[in-house]
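Shown here: my_file.txt, compact mmCIF, C-alpha atoms and all ligand atoms.
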```txt
# COMPACT_ATOMS: atom_id res chain seq x y z
CA MET A 1 -38.92 -5.06 -19.84
CA THR A 2 -40.89 -2.60 -17.71
CA ARG A 3 -39.09 0.25 -16.00
CA GLN A 4 -39.61 -1.48 -12.67
CA GLY A 5 -38.21 -4.68 -14.14
CA SER A 6 -35.19 -2.82 -15.47
CA VAL A 7 -34.50 -1.22 -12.08
CA GLN A 8 -34.74 -4.64 -10.43
CA ARG A 9 -32.33 -6.11 -13.00
CA THR A 10 -29.83 -3.28 -12.37
CA THR A 11 -30.06 -3.86 -8.62
CA ILE A 12 -29.41 -7.59 -8.99
CA ASP A 13 -26.50 -6.97 -11.40
CA GLY A 14 -25.00 -4.36 -9.07
CA GLN A 15 -25.27 -6.73 -6.12
CA ARG A 16 -23.68 -9.57 -8.09
CA VAL A 17 -20.73 -7.37 -9.13
CA LEU A 18 -20.16 -6.34 -5.52
CA GLU A 19 -20.49 -9.91 -4.26
CA ASN A 20 -18.05 -11.24 -6.87
CA ARG A 21 -15.51 -8.52 -6.09
CA LEU A 22 -15.79 -9.22 -2.37
CA PHE A 23 -15.24 -12.97 -2.72
CA ASP A 24 -12.48 -12.52 -5.33
CA THR A 25 -10.73 -10.32 -2.76
CA ARG A 26 -11.27 -12.85 0.03
CA HIS A 27 -9.85 -15.63 -2.15
CA LEU A 28 -6.81 -13.57 -3.20
CA SER A 29 -5.82 -13.13 0.48
CA GLU A 30 -5.84 -16.89 0.92
CA ASP A 31 -3.93 -17.41 -2.33
CA LEU A 32 -1.24 -15.02 -1.08
CA ALA A 33 -0.93 -17.00 2.16
CA ARG A 34 -0.74 -20.37 0.38
CA PRO A 35 3.08 -20.53 -0.03
CA LEU A 36 3.51 -19.98 3.72
CA SER A 37 3.83 -22.45 6.57
CA ALA A 38 1.94 -22.01 9.85
CA GLU A 39 5.23 -20.81 11.38
CA ASP A 40 5.75 -18.25 8.59
CA MET A 41 2.24 -16.94 9.24
CA THR A 42 2.77 -16.47 12.98
CA VAL A 43 6.03 -14.58 13.36
CA GLN A 44 6.30 -10.77 13.33
CA ALA A 45 9.49 -9.39 11.76
CA MET A 46 9.41 -5.97 13.45
CA GLU A 47 7.04 -3.54 15.14
CA ASP A 48 5.77 -2.02 11.88
CA ALA A 49 5.00 -5.41 10.35
CA SER A 50 2.26 -7.86 11.28
CA PRO A 51 2.09 -11.64 10.95
CA THR A 52 0.18 -13.06 7.97
CA LYS A 53 -2.17 -14.85 10.37
CA TRP A 54 -2.98 -11.53 12.01
CA HIS A 55 -3.69 -9.84 8.64
CA LEU A 56 -5.98 -12.70 7.60
CA ALA A 57 -7.88 -12.53 10.88
CA HIS A 58 -7.96 -8.73 11.19
CA VAL A 59 -9.62 -8.11 7.81
CA THR A 60 -12.17 -10.77 8.77
CA TRP A 61 -12.76 -9.13 12.15
CA PHE A 62 -13.33 -5.84 10.28
CA LEU A 63 -16.10 -7.39 8.15
CA GLU A 64 -17.63 -9.13 11.17
CA THR A 65 -17.53 -6.11 13.48
CA PHE A 66 -18.55 -3.30 11.16
CA ILE A 67 -20.91 -5.17 8.82
CA LEU A 68 -22.21 -8.57 9.93
CA ALA A 69 -22.71 -7.80 13.63
CA LYS A 70 -24.70 -4.70 12.71
CA HIS A 71 -26.41 -5.51 9.43
CA LEU A 72 -27.10 -9.27 9.43
CA PRO A 73 -29.92 -10.16 11.83
CA GLY A 74 -29.12 -13.26 13.90
CA TYR A 75 -25.39 -13.23 13.07
CA ARG A 76 -23.35 -15.12 15.69
CA VAL A 77 -19.90 -13.69 16.53
CA PHE A 78 -17.35 -16.47 15.90
CA ASP A 79 -15.27 -15.96 19.05
CA GLU A 80 -15.67 -13.13 21.56
CA THR A 81 -11.92 -13.14 22.35
CA PHE A 82 -11.01 -12.20 18.77
CA ASN A 83 -12.01 -8.56 19.26
CA TYR A 84 -9.00 -8.14 21.57
CA CYS A 85 -6.65 -10.11 19.32
CA PHE A 86 -7.54 -8.58 15.96
CA ASN A 87 -8.69 -5.00 16.59
CA SER A 88 -5.94 -2.87 15.04
CA TYR A 89 -6.32 0.69 16.26
CA TYR A 90 -10.05 1.34 16.77
CA GLU A 91 -10.41 3.01 20.16
CA SER A 92 -14.18 2.73 19.77
CA GLN A 93 -13.87 -1.07 19.74
CA GLY A 94 -11.97 -1.30 23.00
CA ALA A 95 -8.66 -2.72 24.22
CA ARG A 96 -6.43 -4.71 21.88
CA GLN A 97 -3.24 -6.72 21.60
CA PRO A 98 -0.36 -4.20 21.43
CA ARG A 99 0.86 -3.84 17.87
CA PRO A 100 4.50 -4.80 18.62
CA LYS A 101 3.24 -8.04 20.22
CA ARG A 102 1.05 -9.37 17.43
CA GLY A 103 3.70 -12.00 16.77
CA LEU A 104 3.11 -13.47 20.22
CA LEU A 105 -0.35 -14.68 19.19
CA THR A 106 0.54 -18.35 18.77
CA ARG A 107 -3.14 -18.89 19.62
CA PRO A 108 -5.55 -18.88 17.89
CA SER A 109 -3.91 -21.31 15.49
CA SER A 110 -3.78 -20.72 11.75
CA GLU A 111 -6.40 -23.45 11.33
CA ARG A 112 -8.77 -21.58 13.62
CA VAL A 113 -8.15 -18.33 11.74
CA PHE A 114 -9.07 -20.06 8.48
CA ALA A 115 -12.21 -21.44 10.18
CA TYR A 116 -12.98 -17.85 11.24
CA ARG A 117 -12.67 -16.74 7.63
CA THR A 118 -15.06 -19.50 6.53
CA HIS A 119 -17.58 -18.53 9.22
CA VAL A 120 -17.52 -14.87 8.19
CA ASP A 121 -17.68 -15.75 4.48
CA GLU A 122 -20.84 -17.75 5.21
CA GLY A 123 -22.26 -14.73 7.00
CA LEU A 124 -21.45 -12.54 3.99
CA THR A 125 -23.13 -15.04 1.66
CA ASN A 126 -26.23 -14.90 3.88
CA LEU A 127 -26.11 -11.11 3.82
CA PHE A 128 -26.16 -11.09 0.02
CA ALA A 129 -28.91 -13.73 -0.01
CA ARG A 130 -31.10 -11.29 1.92
CA GLY A 131 -30.36 -8.61 -0.68
CA VAL A 132 -27.91 -5.70 -0.69
CA GLU A 133 -29.15 -2.54 -2.35
CA PRO A 134 -26.33 -1.01 -4.46
CA ASN A 135 -26.41 2.44 -2.84
CA SER A 136 -27.25 1.32 0.68
CA GLU A 137 -25.17 1.77 3.82
CA THR A 138 -24.41 -1.98 3.76
CA ALA A 139 -23.09 -1.74 0.19
CA ARG A 140 -20.92 1.22 1.15
CA LEU A 141 -19.46 -0.71 4.09
CA LEU A 142 -18.83 -3.78 1.93
CA GLU A 143 -16.93 -1.58 -0.53
CA ILE A 144 -14.80 -0.31 2.35
CA GLY A 145 -14.32 -3.93 3.49
CA ILE A 146 -13.01 -4.87 0.02
CA ASN A 147 -10.62 -1.92 -0.14
CA HIS A 148 -9.48 -2.53 3.43
CA GLU A 149 -8.64 -6.17 2.68
CA GLN A 150 -6.77 -5.07 -0.46
CA GLN A 151 -4.62 -2.72 1.62
CA HIS A 152 -3.77 -5.62 3.91
CA GLN A 153 -2.90 -7.84 0.94
CA GLU A 154 -0.09 -5.44 0.08
CA LEU A 155 0.95 -5.27 3.74
CA LEU A 156 0.89 -9.06 3.96
CA LEU A 157 3.45 -9.22 1.13
CA THR A 158 5.70 -6.46 2.43
CA ASP A 159 5.59 -7.96 5.92
CA ILE A 160 6.52 -11.41 4.60
CA LEU A 161 9.44 -9.82 2.75
CA ALA A 162 10.57 -8.20 6.02
CA LEU A 163 10.33 -11.60 7.71
CA PHE A 164 12.16 -13.55 5.00
CA ALA A 165 14.85 -10.86 4.74
CA ALA A 166 15.52 -11.38 8.46
CA SER A 167 15.98 -15.12 7.96
CA PRO A 168 19.50 -16.48 7.47
CA LEU A 169 18.02 -18.84 4.86
CA ARG A 170 16.73 -15.93 2.72
CA PRO A 171 13.63 -17.93 1.70
CA VAL A 172 11.99 -17.42 -1.68
CA TYR A 173 8.31 -16.53 -1.38
CA ARG A 174 7.74 -17.13 -5.08
CA ALA A 175 10.32 -18.20 -7.65
CA ARG A 176 11.26 -15.56 -10.19
CA ARG A 177 9.43 -16.08 -13.44
CA PRO A 178 11.47 -15.82 -16.62
CA HIS A 179 11.71 -12.33 -17.99
CA THR A 180 14.10 -10.39 -20.14
CA VAL A 181 16.61 -8.51 -18.04
CA GLN A 182 16.93 -5.01 -19.43
CA PRO A 183 20.61 -4.09 -19.04
CA GLU A 184 20.27 -0.34 -19.62
CA PRO A 185 17.59 1.92 -18.14
CA ALA A 186 15.18 3.47 -20.61
CA ALA A 187 16.14 7.07 -21.40
CA LEU A 188 14.95 9.66 -18.90
CA GLY A 189 12.73 12.41 -20.28
CA TRP A 190 10.73 15.22 -18.73
CA VAL A 191 7.08 16.11 -18.99
CA ASP A 192 6.44 19.86 -18.74
CA LEU A 193 3.18 20.93 -17.19
CA PRO A 194 1.70 24.41 -16.93
CA GLY A 195 0.90 26.19 -13.68
CA GLY A 196 -2.43 27.55 -12.58
CA ILE A 197 -5.30 26.75 -10.27
CA ALA A 198 -6.09 23.08 -10.63
CA LYS A 199 -8.91 20.95 -9.27
CA VAL A 200 -7.47 18.15 -7.14
CA GLY A 201 -8.97 15.35 -5.08
CA HIS A 202 -11.71 12.86 -5.72
CA ALA A 203 -15.22 13.67 -6.87
CA GLY A 204 -17.93 11.79 -8.68
CA GLU A 205 -18.40 8.10 -9.32
CA GLY A 206 -16.36 5.26 -7.93
CA PHE A 207 -14.88 4.42 -4.57
CA ALA A 208 -12.40 6.71 -2.85
CA TRP A 209 -11.22 6.99 0.73
CA ASP A 210 -12.49 9.92 2.78
CA ASN A 211 -8.98 11.47 2.80
CA GLU A 212 -9.12 11.99 -1.01
CA ALA A 213 -11.91 14.57 -0.64
CA PRO A 214 -13.19 17.24 -0.75
CA ARG A 215 -12.12 18.06 -4.27
CA HIS A 216 -10.71 21.56 -4.15
CA ASP A 217 -8.55 24.17 -5.86
CA ALA A 218 -4.77 24.00 -5.57
CA LEU A 219 -2.27 26.54 -6.88
CA VAL A 220 0.50 24.88 -8.90
CA HIS A 221 3.45 26.63 -10.49
CA PRO A 222 4.77 25.45 -13.87
CA PHE A 223 6.83 22.32 -13.27
CA ARG A 224 8.44 19.36 -14.94
CA LEU A 225 8.18 15.76 -13.86
CA ALA A 226 10.55 12.94 -14.73
CA ASP A 227 8.85 10.57 -17.13
CA ARG A 228 10.16 7.51 -15.29
CA LEU A 229 11.27 6.46 -11.82
CA VAL A 230 14.79 6.76 -10.40
CA THR A 231 16.64 3.51 -11.09
CA ASN A 232 18.96 1.29 -9.05
CA GLY A 233 21.77 2.27 -11.41
CA GLU A 234 21.23 5.94 -10.60
CA TRP A 235 21.09 5.10 -6.91
CA LEU A 236 24.48 3.37 -7.17
CA GLU A 237 25.87 6.62 -8.66
CA PHE A 238 24.52 8.49 -5.62
CA MET A 239 26.22 5.96 -3.34
CA ALA A 240 29.48 6.15 -5.29
CA ALA A 241 29.38 9.94 -4.99
CA GLU A 242 29.38 9.57 -1.18
CA GLY A 243 25.71 10.53 -1.10
CA TYR A 244 25.18 8.76 2.22
CA ARG A 245 28.21 10.52 3.72
CA THR A 246 27.57 14.11 2.61
CA ALA A 247 25.54 16.00 5.21
CA ALA A 248 24.70 18.83 2.80
CA HIS A 249 22.21 16.60 0.92
CA TRP A 250 20.26 15.62 4.00
CA LEU A 251 17.46 16.96 6.14
CA ALA A 252 18.57 17.10 9.78
CA ASP A 253 16.22 14.28 10.79
CA GLY A 254 17.41 12.24 7.82
CA TRP A 255 21.09 12.75 8.63
CA ALA A 256 20.38 11.71 12.23
CA ALA A 257 18.47 8.64 11.01
CA ILE A 258 21.13 7.33 8.63
CA ASN A 259 23.86 7.81 11.23
CA ARG A 260 21.80 6.23 13.99
CA GLU A 261 20.78 3.27 11.80
CA GLY A 262 24.01 2.94 9.85
CA TRP A 263 22.21 3.10 6.49
CA GLU A 264 24.43 3.20 3.43
CA ALA A 265 22.12 1.62 0.84
CA PRO A 266 18.40 0.89 0.39
CA LEU A 267 16.75 -1.57 2.75
CA TYR A 268 17.39 -5.25 1.84
CA TRP A 269 20.59 -4.48 -0.10
CA GLU A 270 23.67 -6.46 0.90
CA LYS A 271 27.13 -6.69 -0.63
CA GLN A 272 28.63 -10.07 -1.43
CA ASP A 273 32.04 -10.40 -3.10
CA GLY A 274 31.89 -6.80 -4.25
CA GLN A 275 28.46 -7.15 -5.82
CA TRP A 276 25.23 -5.61 -4.52
CA LEU A 277 22.37 -8.02 -4.03
CA ALA A 278 18.86 -7.23 -2.84
CA MET A 279 16.47 -9.46 -0.94
CA SER A 280 13.07 -9.68 -2.60
CA LEU A 281 9.97 -11.84 -2.51
CA GLU A 282 11.74 -13.68 -5.34
CA GLY A 283 14.75 -14.33 -3.09
CA LEU A 284 18.18 -12.73 -2.95
CA GLN A 285 18.92 -11.35 -6.42
CA PRO A 286 21.57 -9.15 -8.05
CA VAL A 287 20.51 -5.50 -8.05
CA GLU A 288 18.92 -4.84 -11.45
CA LEU A 289 20.35 -1.55 -12.74
CA ALA A 290 17.42 -0.59 -14.96
CA ALA A 291 14.75 -1.36 -12.36
CA PRO A 292 13.35 1.35 -10.08
CA VAL A 293 15.08 1.80 -6.75
CA CYS A 294 12.84 0.49 -4.00
CA HIS A 295 12.71 0.38 -0.19
CA VAL A 296 14.10 3.86 0.41
CA SER A 297 12.85 6.23 3.09
CA TYR A 298 11.56 9.74 2.50
CA TYR A 299 14.84 11.01 3.91
CA GLU A 300 16.84 9.06 1.32
CA ALA A 301 14.52 10.04 -1.54
CA ASP A 302 14.80 13.70 -0.58
CA ALA A 303 18.62 13.52 -0.26
CA PHE A 304 18.90 11.84 -3.66
CA ALA A 305 16.79 14.57 -5.25
CA ARG A 306 18.97 17.30 -3.74
CA TRP A 307 22.14 15.53 -4.90
CA ALA A 308 20.63 15.34 -8.39
CA GLY A 309 19.87 19.09 -8.34
CA LYS A 310 16.13 18.36 -8.45
CA ARG A 311 13.35 17.88 -5.90
CA LEU A 312 10.47 15.55 -5.12
CA PRO A 313 7.10 16.48 -6.64
CA THR A 314 4.23 17.73 -4.51
CA GLU A 315 1.27 15.40 -4.30
CA PHE A 316 -0.78 17.76 -6.46
CA GLU A 317 1.88 17.97 -9.17
CA TRP A 318 1.92 14.18 -9.21
CA GLU A 319 -1.87 13.99 -9.40
CA ILE A 320 -2.11 16.50 -12.24
CA ALA A 321 0.53 14.59 -14.23
CA ALA A 322 -1.26 11.28 -13.58
CA ARG A 323 -4.59 12.42 -15.01
CA GLY A 324 -5.47 10.35 -18.02
CA VAL A 325 -2.62 7.90 -17.43
CA PRO A 326 -4.12 4.39 -17.41
CA VAL A 327 -3.80 2.57 -14.09
CA THR A 328 -1.70 -0.45 -14.92
CA GLY A 329 -0.43 -3.34 -12.87
CA LYS A 330 -1.04 -7.02 -12.43
CA THR A 331 -2.59 -8.82 -9.54
CA PRO A 332 0.07 -9.83 -7.02
CA ALA A 333 -1.02 -13.42 -7.67
CA ASP A 334 0.09 -13.18 -11.34
CA GLY A 335 2.61 -10.38 -11.83
CA ALA A 336 6.26 -10.01 -10.89
CA LEU A 337 6.66 -9.26 -7.19
CA ARG A 338 9.31 -6.65 -7.81
CA PRO A 339 9.20 -3.33 -9.69
CA LEU A 340 10.12 -3.77 -13.33
CA PRO A 341 12.20 -1.42 -15.53
CA ALA A 342 10.48 1.28 -17.55
CA GLN A 343 9.48 0.63 -21.11
CA ALA A 344 10.68 2.90 -23.93
CA PRO A 345 9.50 6.54 -23.69
CA ASP A 346 6.10 7.29 -25.19
CA GLY A 347 5.63 10.98 -24.39
CA SER A 348 3.65 10.47 -21.18
CA PRO A 349 4.88 9.72 -17.68
CA ARG A 350 5.75 6.04 -17.31
CA GLN A 351 5.58 3.84 -14.18
CA MET A 352 3.00 6.05 -12.47
CA PHE A 353 1.23 2.90 -11.27
CA GLY A 354 2.28 -0.70 -10.70
CA ALA A 355 5.98 -0.35 -9.81
CA VAL A 356 6.59 1.53 -6.53
CA TRP A 357 4.75 4.04 -4.36
CA GLN A 358 6.38 7.42 -4.95
CA TRP A 359 7.35 9.76 -2.15
CA THR A 360 6.12 13.31 -2.49
CA GLN A 361 7.26 16.37 -0.58
CA SER A 362 3.68 16.87 0.68
CA ALA A 363 2.80 16.30 4.31
CA TYR A 364 -0.26 14.15 5.00
CA LEU A 365 -2.81 16.81 5.90
CA PRO A 366 -6.58 17.10 5.60
CA TYR A 367 -7.94 18.75 2.48
CA PRO A 368 -9.83 22.02 3.05
CA GLY A 369 -13.24 21.18 4.51
CA TYR A 370 -12.32 17.57 5.37
CA ARG A 371 -14.24 15.98 8.21
CA PRO A 372 -13.70 12.38 9.28
CA PRO A 373 -16.85 10.32 8.73
CA ALA A 374 -19.14 9.82 11.70
CA GLY A 375 -18.90 6.55 13.61
CA ALA A 376 -16.15 4.02 14.17
CA LEU A 377 -14.74 4.25 10.63
CA GLY A 378 -13.97 7.91 11.24
CA GLU A 379 -10.82 6.49 12.83
CA TYR A 380 -9.71 4.92 9.54
CA ASN A 381 -7.67 7.81 8.08
CA GLY A 382 -8.24 11.12 9.81
CA LYS A 383 -6.43 10.49 13.06
CA PHE A 384 -3.16 9.75 11.25
CA MET A 385 -2.85 13.19 9.68
CA VAL A 386 0.33 14.26 11.44
CA SER A 387 4.07 13.76 10.85
CA GLN A 388 3.65 11.54 7.77
CA GLN A 389 4.40 12.06 4.07
CA ILE A 390 2.16 11.35 1.10
CA LEU A 391 3.11 8.71 -1.46
CA ARG A 392 1.30 8.46 -4.76
CA GLY A 393 0.88 5.79 -7.41
CA GLY A 394 0.81 2.13 -6.50
CA SER A 395 3.28 -0.74 -6.44
CA CYS A 396 3.88 -4.20 -7.85
CA ALA A 397 2.13 -5.48 -4.70
CA THR A 398 -0.96 -3.27 -5.00
CA PRO A 399 -4.01 -5.29 -6.04
CA PRO A 400 -5.54 -4.15 -9.34
CA GLY A 401 -8.44 -1.79 -9.01
CA HIS A 402 -7.20 -0.56 -5.66
CA THR A 403 -5.42 2.63 -6.67
CA ARG A 404 -6.11 5.73 -8.79
CA ALA A 405 -4.70 9.20 -9.52
CA THR A 406 -6.22 10.73 -6.37
CA TYR A 407 -5.14 7.93 -3.98
CA ARG A 408 -3.18 9.17 -0.96
CA ASN A 409 -0.91 6.63 0.69
CA PHE A 410 1.02 7.79 3.75
CA PHE A 411 3.97 6.64 5.82
CA TYR A 412 6.43 8.10 8.31
CA PRO A 413 9.56 9.55 6.71
CA HIS A 414 11.89 6.94 8.20
CA GLN A 415 9.90 3.94 6.98
CA ARG A 416 11.13 1.95 4.01
CA TRP A 417 9.81 -1.58 4.19
CA GLN A 418 6.99 -0.85 1.73
CA PHE A 419 7.59 -0.81 -2.03
CA MET A 420 8.68 2.84 -1.92
CA GLY A 421 10.70 4.75 -4.50
CA LEU A 422 10.77 8.12 -6.21
CA ARG A 423 10.59 10.18 -9.36
CA LEU A 424 12.16 13.60 -9.70
CA ALA A 425 10.55 16.95 -10.31
CA ALA A 426 11.96 20.38 -11.10
CA GLU A 427 10.95 23.96 -11.68
CA ILE A 428 10.59 25.27 -15.20
CA THR A 429 12.99 28.17 -15.39
FE FE B 1 -6.74 -2.64 8.95
```
Give the structure from the file, written as structure tokens.
Amino acid sequence: MTRQGSVQRTTIDGQRVLENRLFDTRHLSEDLARPLSAEDMTVQAMEDASPTKWHLAHVTWFLETFILAKHLPGYRVFDETFNYCFNSYYESQGARQPRPKRGLLTRPSSERVFAYRTHVDEGLTNLFARGVEPNSETARLLEIGINHEQQHQELLLTDILALFAASPLRPVYRARRPHTVQPEPAALGWVDLPGGIAKVGHAGEGFAWDNEAPRHDALVHPFRLADRLVTNGEWLEFMAAEGYRTAAHWLADGWAAINREGWEAPLYWEKQDGQWLAMSLEGLQPVELAAPVCHVSYYEADAFARWAGKRLPTEFEWEIAARGVPVTGKTPADGALRPLPAQAPDGSPRQMFGAVWQWTQSAYLPYPGYRPPAGALGEYNGKFMVSQQILRGGSCATPPGHTRATYRNFFYPHQRWQFMGLRLAAEIT
């Protein structure tokens, strides 16, 4: 093959990989919606959550607005009214349905949203038929479109859990698949890491969000990191020790939050006949002692760490410890939809990926030299860099290939409806 021929071949292969990943992602969203009725897809459980129908339409609007309308000549917008309905927070794209009222969108119907998806998928097929150069602006936007839809796949699942947990019927999204219940948690060990000036943040090949860069130096003191996550069994010890009733463990905002909200256990826990149960996508189940605690706020994670005489890691400590750890996890279409217990110790940190997002003590701030990208997508991450905490890792609901050691997730400290948990850190003394 000539050099020109080889370059052409690489271009075609690169385009095919991108196209396959895009359509695999599009199909996974529809697979995740399949167990749901039209009514399930319409209702909004709370202000932070969105209806499934809205997620399915919003990710489609994103592809239409930022890619097809600009980069596919002759593309016809499916419905001009959808910009108002399915714009999330892009000021540059104009007025939108208020977030707390997304559940009032009984129109368009689910059928019409699926027709919208088909229309946009046809546009994307036409875009690829015209040719997409691997390093072009269009390819870059398509990569963002894939990663954006993956983020909403996780949100779709956590928002359905919020909805089903609010139902008196406690519906099962997907029946629990047989697995061995591990009665005792795997032993807890510690990984000691040296201090120094470390390079952190993303650089080089592969996709990353703008908020993961620039790569820069961070000063880290010697520290130790728990080699597994905090378990439900350990959380029950915290509860039994009056953890939720002892002000000394709590940040002031956290103490105010638990008293205002009446929290005395993780979200979705309920006591029946003296036994703690937890609502999950697999229905209402006994709390599994060896499994990681999940659905706790930053305030609760921080209080637990203080009670345990430890602390939460910083995001850079977490990132340094995660280097070289393989990113594991199953697609939400195949794997368990709850965090599973840790395997036996193997000398490296376990459960870094694929169980729960892990709260860190780091505030969500820009890295030195960070500038939001120019254009509408500059609104994606940068404008949220205030009053939120960083979580690292990835959960049982994170699509494979979506996360990495430098990934920065972020939520407000009171939020707990995501798959959120913690691992402990400590100084080396
Ligand atoms: Fe979005």
Please write out the residues within 8 Å of ligand FE 1 (chain B) as a list of chain:residue names, counting all atoms listed in the file.
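Answer in the requested format: A:His55, A:His58, A:Val59, A:Phe62, A:Ser88, A:His148, A:Glu149, A:Gln151, A:His152.
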Now that the selection is made, can you save its residues with C-alpha atoms as a short mmCIF file (atom, residue, chain, number, x, y, z; two decimals), keeping the file's coordinate frame?
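Just written: out_30.cif:
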```cif
data_model
loop_
_atom_site.label_atom_id
_atom_site.label_comp_id
_atom_site.auth_asym_id
_atom_site.auth_seq_id
_atom_site.Cartn_x
_atom_site.Cartn_y
_atom_site.Cartn_z
CA HIS A 55 -3.69 -9.84 8.64
CA HIS A 58 -7.96 -8.73 11.19
CA VAL A 59 -9.62 -8.11 7.81
CA PHE A 62 -13.33 -5.84 10.28
CA SER A 88 -5.94 -2.87 15.04
CA HIS A 148 -9.48 -2.53 3.43
CA GLU A 149 -8.64 -6.17 2.68
CA GLN A 151 -4.62 -2.72 1.62
CA HIS A 152 -3.77 -5.62 3.91
#
```
May I ask for the distance between CA of Tyr412 (chain A) and CA of His295 (chain A), given in Å to one decimal place?
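Answer for the CA of Tyr412 (chain A) to CA of His295 (chain A) separation: 13.1 Å.
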Skip region 224-230 of chain A itself and residues of its chain fewer than 5 positions away, then list as an MDAnalysis selection string all residues within 10 Å of it, counting all atoms listed in the file.
chainID A and resid 185:194 235 290:294 301 304:305 310:313 317:318 321 341:352 355:356 358 421:429
For Leu289 (chain A), which residue among A:Glu133, A:Glu80, A:Glu237, A:Asp24 is the nearest when counting all atoms listed in the file?
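Nearest to Leu289 (chain A): A:Glu237.
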With all atoms listed in the file as the atoms that count, which of A:Arg416, A:Tyr364, A:Leu68, A:Arg107 lies nearest to Phe82 (chain A)?
A:Arg107
So how many Å separate CA of Asp48 (chain A) and CA of Thr158 (chain A), to one decimal?
10.4 Å
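For Gln97 (chain A), the set of protein, DNA and RNA residues having any atom at most 9 Å away, when counting only C-alpha atoms and skipping those fewer than 5 positions along the same chain, is Tyr84, Cys85, Phe86, Asn87, Ser88, Arg102 and Leu105 of chain A.
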Show me, as a list in words, the residues that have an atom within 7 Å of region 110-113 of chain A when counting only C-alpha atoms, minus same-chain residues fewer than 6 positions from it.
Ala38, Lys53 and Ala57 of chain A
Å distance separating CA of Thr360 (chain A) from CA of Ala265 (chain A), one decimal place
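Calculated distance between CA of Thr360 (chain A) and CA of Ala265 (chain A) is 20.1 Å.
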Using all atoms listed in the file, find each residue of region 144-216 of chain A with at least one atom at most 12 Å away from an atom of region 11-20 of chain A; report its shortest atom-to-atom pair and that distance in Å (one decimal), sort the rows by chain and rising residue number, and return the result as a Markdown table.
```
| residue | atom | partner | partner_atom | distance |
| --- | --- | --- | --- | --- |
| A:Ile144 | CA | A:Leu18 | CA | 11.3 |
| A:Gly145 | CA | A:Leu18 | CA | 11.0 |
| A:Ile146 | CA | A:Leu18 | CA | 9.2 |
| A:Asn147 | CA | A:Leu18 | CA | 11.8 |
```
Could you save those same residues with C-alpha atoms as a PDB file, in the coordinates of the input?
```pdb
ATOM      1  CA  ILE A 144     -14.800  -0.310   2.350  1.00  0.00           C
ATOM      2  CA  GLY A 145     -14.320  -3.930   3.490  1.00  0.00           C
ATOM      3  CA  ILE A 146     -13.010  -4.870   0.020  1.00  0.00           C
ATOM      4  CA  ASN A 147     -10.620  -1.920  -0.140  1.00  0.00           C
TER       5      ASN A 147
END
```
As a PyMOL selection string, please: the residues near Gly195 (chain A) (cut-off 6 Å, all atoms listed in the file, same-chain neighbours under 4 positions excluded).
chain A and resi 220-222
Shell around region 332-340 of chain A at 8 Å using only C-alpha atoms, local window under 4 positions removed, as a ChimeraX atom specification
/A:28,31-32,176-177,280-282,291-292,294,354-356,395-399
Of the candidates A:Ala241, A:Val200, A:Val386, A:Ile160, which one gets nearest to Pro35 (chain A) if we count only C-alpha atoms?
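Closest residue, counting only C-alpha atoms: A:Ile160.
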Among the residues A:Val327, A:Leu219, A:Ala252, A:Ala308, the one that comes closest to Glu234 (chain A) [using only C-alpha atoms]:
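Between A:Val327, A:Leu219, A:Ala252, A:Ala308, the residue approaching Glu234 (chain A) most closely is A:Ala308.
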Work out where the centre of an axis-aligned box around every listed atom of region 277-283 of chain A lies and how long its edges are once 5 Å is added on each side; give both in Å to one decimal as AutoDock Vina command-line options.
```
--center_x 16.2 --center_y -10.8 --center_z -3.1 --size_x 22.4 --size_y 17.1 --size_z 14.4
```
From A:Thr328, A:Thr60, A:Ser29, A:Thr65, residue lying nearest His119 (chain A) [all atoms listed in the file]
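Closest residue, counting all atoms listed in the file: A:Thr60.
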Given all atoms listed in the file as the basis, pick out the residue of A:His402, A:Asp40, A:Trp54, A:Arg392 nearest to Lys330 (chain A).
A:His402
